[in-house]
Each structure stands twice: as C-alpha cells, then as structure tokens.
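Here is the structure we will look at, set down as structure tokens.
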Amino acid sequence: MLAPDVLAELDGFIVELNRASSEVILPLFRAEHGMENKNLALGKAGFDPVTAADKGAEAAIRQLIAARYPDHGVIGEEYGEDRPDSEFVWVLDPVDGTRAFIAGLPLWCTLIALRHEGRPVLGSVGQPFLEELYLGHAGGSRIIDRRGERALNVRPCPHLTQATITTTDPDTYFDGAERGAWRQLRDAARVVRLGLDSYGYAMVAAGTIDLLVEGAGINSWDIEAAIPLIEGAGGLITDWRGDPLGSDGGQVVIAGDRACLDEALVALRRSAT
C-alpha cells in the first residue's frame with residue numbers, strides 16, 4: 001500500500017504526463033499523421049497501424065518519467081521494456097485505438113498505468129480531443145473535464161437483460177469460440193455498442209455502460225490503466241474465468257455490478273483460454 005502523500009504526488013504526475021502526450025497527439029489528429037503498417041516492417045501479413053502520434057507521445061512520456069523518476073521502469077507498446085522488474089513500472093499505450101485515430105473518430109485514448117511491486121495502483125484514460133481525463137486508484141476514481149472535477153461511480157445493473165454492453169470488434173478480435181460467447185451476451189443484453197476501444201473503460205467507470213469484454217489479443221498496455229480506474233469507481237475487472245488478470249493481459253471482462261458479471265461469466269468461461 002502506497003503512503004497517501006506518495007500516491008498524491010504520483011497522481012499529480014500522471015496528469016502532467018497526459019498533458020504532455022496531448023500536446024504531441026492533438027496537432028496530428030485529423031491531420032497528416034504519418035501512418036505506417038507495423039506488420040510490413042516485420043514481414044507479417046495484416047494491418048497493424050502506427051502513427052507519429054503513437055511514437056511521439058510515448059517518447060515524450062518516457063522522457064518526463066526518466067527526468068522525474070530515473071529509477072522507475074517503463075513498458076510501452078512502441079518502444080518496449082526498460083527495467084520491467086523495478087519496484088515502480090509505468091505501462092504505456094500512447095494512442096490506444098489507432099484505427100479510430102486514423103479514421104478521425106475521438107474514441108482513441110492515451111492509457112497510462114503505474115505498477116507498484118507488480119500490481120497496477122494508478123491508472124488514467126485520457127481523451128484530450130474531448131478534454132476528458134479519467135483517473136483512478138484505491139482512494140477512488142474521478143474525471144477532470146471542462147466542467148471541473150468530480151467522482152466516478154459505476155451503476156447498479158443486476159441482470160444482463162438490463163445491461164448496455166460493448167466490445168471493440170468481435171469479427172476482427174475474437175476467435176470462433178470467443179465470438180460464440182459474445183453472441184450469447186449480445187443476445188441477452190438490452191443495448192449493444194461496438195467500436196469504443198478503451199473509451200469503453202471510461203464509460204463503465206462513469207456508469208453509462210454496464211459490461212465490456214475483450215478477447216485474448218489484449219496486451220498489458222491495453223488494459224492495466226483500466227484496473228485502478230474501474231476498481232476505484234466500484235467496478236470489477238477479471239479474466240473470462242473470473243480470476244484476476246495476469247501481467248500479460250489476455251481475455252478481459254469489466255463490469256459495474258457483481259451480479260451482471262456473474263451472469264456474463266456463465267457464457268465466457270466456456271471460451272476462456
């Protein structure tokens with residue numbers, strides 16, 4: 001458990017990191033962003049986009065961390081690992097939802113998490129085009145936006161039949177068994193929305209979405225920022241078996257209500273990896 005003064009200092013720093021990353025990203029959004037296909041350089045099939053915003057924002061974040069906390073480790077999507085076994089490790093995805101970014105849709109987010117002794121203790125989901133920053137830790141979660149600062153809380157939703165649920169793209173990111181589990185949830189739910197990427201994490205924390213699921217392709221940098229945010233807002237985040245997430249990502253389910261999560265896990269456990 002971090003001392004309150006240490007947590008407050010780090011909480012303030014994560015706001016600084018989001019501000020610095022947004023200064024890099026926003027001039028490139030809906031502008032010339034230098035998109036490349038990472039798979040071409042690796043000799044792989046398929047499309048995995050990266051832009052100057054992804055690279056520039058992660059570089060800016062890493063520079064600030066190195067200057068302020070030189071003993072901290074960093075894991076990032078674009079530039080890999082630096083001392084990943086340190087007591088404190090920052091986990092970065094500067095533009096989560098690059099496909100949304102290159103399409104001009106303000107659903108991409110900057111994800112920043114801080115691990116302490118292997119466990120995410122602080123996380124932020126930032127959408128600077130909308131001027132929204134969602135932050136969470138053990139003391140609670142909050143949003144900072146144009147209206148000021150206020151607490152975040154998940155909402156009650158005891159049954160899937162009452163739920164609004166989301167995933168990014170079941171056709172692209174789920175295998176056959178995962179798609180079958182998703183169809184069960186989709187058929188039971190009241191409202192289904194697709195394509196939110198990590199902005200969906202923020203909406204669960206804000207109490208507008210009840211359940212989010214993603215498949216086995218989720219990496220640590222895709223999800224660790226959500227863990228303190230969701231838990232600080234009173235929600236739950238597990239793998240498809242209902243167990244805590246490991247440090248490498250994997251299948252994810254996020255819920256605002258334990259009863260709704262339990263109903264979802266009936267379908268998800270059959271396709272758990």
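Convention: chains lettered A, B, ... in structure tokens order; per-chain residue numbering from 1; ligands numbered from 1 as shown.
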* Tell me which protein, DNA and RNA residues are within 12 Å of Gly246 of chain A, counting only C-alpha atoms, leaving out same-chain ones fewer than 6 positions away, and put them as a list of chain:residue names. =>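 Surrounding residues, per the criterion: A:Gly118, A:Arg119, A:Pro120, A:Ala216, A:Ile218, A:Asn219, A:Ser220, A:Ile223, A:Glu224, A:Ile227, A:Ile237, A:Thr238, A:Asp239, A:Trp240, A:Val252.
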* Please provide as a list of chain:residue names all residues within 8 Å of segment 20-29 of chain A, with the sequence filter that same-chain residues fewer than 6 positions apart are discarded (counting only C-alpha atoms). =>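 Listing them by chain and then by number gives A:Ala52, A:Ala53, A:Asp54, A:Gly56, A:Ala57, A:Glu58, A:Ala60, A:Ile61, A:Pro94, A:Phe101, A:Ile102, A:Gly104, A:Thr110, A:Pro128, A:Phe129.
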* Considering only C-alpha atoms, state which residue in the set A:Val154, A:Arg183, A:Phe174, A:Gly234 is at the smallest distance from Gly207 of chain A. =>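 Answer, going by the shortest atom-to-atom distance: A:Val154.
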* So which one's closest to Ala163 of chain A, A:Thr98, A:Thr208, A:Asn39, A:Gln251? Using only C-alpha atoms, please. ->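 Smallest separation from Ala163 of chain A among the options: A:Thr208.
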* Work out how far apart atom CA of Ala177 of chain A and atom CA of Leu212 of chain A are and give it in Å to one decimal. =>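 Pair atom CA of Ala177 of chain A / atom CA of Leu212 of chain A returns 17.2 Å.
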* Asked: Given the choices A:Ala206, A:Val191, A:Leu92, A:Ala100, which gets closest to Gly80 of chain A if the distance is worked out from only C-alpha atoms?
  -> A:Leu92
* Assign secondary structure with DSSP using the backbone only, and return the residues of segment 68-272 of chain A in helix (DSSP H, G or I) as number ranges by chain. => A: 68, 98-102, 128-130, 160-162, 170-173, 176-188, 199-205, 220-223, 226-232, 258-271
* To do: Write out as JSON, numbers by chain the residues lying within 8 Å of Asp197 of chain A, counting only C-alpha atoms and excluding same-chain residues fewer than 4 positions away.
  => {"A": [96, 97, 107, 108, 167, 168]}
Write to file, as a PDB file, in the first residue's frame, the residues of the selection just made, with N, CA and C atoms.
```pdb
ATOM      1  N   ASP A  96      -4.234   4.339 -27.790  1.00  0.00           N
ATOM      2  CA  ASP A  96      -4.970   3.083 -27.859  1.00  0.00           C
ATOM      3  C   ASP A  96      -6.204   3.337 -28.728  1.00  0.00           C
ATOM      4  N   GLY A  97      -6.324   2.562 -29.793  1.00  0.00           N
ATOM      5  CA  GLY A  97      -7.377   2.815 -30.775  1.00  0.00           C
ATOM      6  C   GLY A  97      -6.840   3.580 -31.968  1.00  0.00           C
ATOM      7  N   LEU A 107     -12.449   8.376 -30.287  1.00  0.00           N
ATOM      8  CA  LEU A 107     -12.644   7.267 -29.363  1.00  0.00           C
ATOM      9  C   LEU A 107     -11.319   6.638 -28.944  1.00  0.00           C
ATOM     10  N   TRP A 108     -10.223   7.091 -29.518  1.00  0.00           N
ATOM     11  CA  TRP A 108      -8.900   6.652 -29.072  1.00  0.00           C
ATOM     12  C   TRP A 108      -8.598   7.294 -27.712  1.00  0.00           C
ATOM     13  N   THR A 167     -17.977  -4.266 -26.931  1.00  0.00           N
ATOM     14  CA  THR A 167     -16.661  -4.795 -27.270  1.00  0.00           C
ATOM     15  C   THR A 167     -16.170  -4.000 -28.463  1.00  0.00           C
ATOM     16  N   THR A 168     -14.893  -4.104 -28.798  1.00  0.00           N
ATOM     17  CA  THR A 168     -14.379  -3.265 -29.882  1.00  0.00           C
ATOM     18  C   THR A 168     -14.834  -3.762 -31.246  1.00  0.00           C
TER      19      THR A 168
END
```
* Asked: Which of these, A:Arg155, A:Arg146, A:Arg19, A:Arg179, has the shortest distance to Gly235 of chain A once you count only C-alpha atoms?
  ->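 Closest to Gly235 of chain A of all the choices is A:Arg155.
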* **strand (DSSP E) call set, DSSP backbone run, segment 9-239 of chain A, as a PyMOL selection string** => chain A and resi 36-37+49-50+73-76+80-82+88-96+109-116+119-127+132-137+140-145+148-151+164-167+191-194+211-214+236-238
* Asked: Taking only C-alpha atoms into account, which of A:Ile143, A:Ile65, A:Ala233, A:Ala225 comes nearest Val204 of chain A?
  -> A:Ala233
* Asked: From the set A:Gly176, A:Gly249, A:Gly126, A:Gly256, which residue has the shortest atom-to-atom contact distance to Ser271 of chain A, counting only C-alpha atoms?
  ->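 With only C-alpha atoms as the atom set, the closest residue is A:Gly176.
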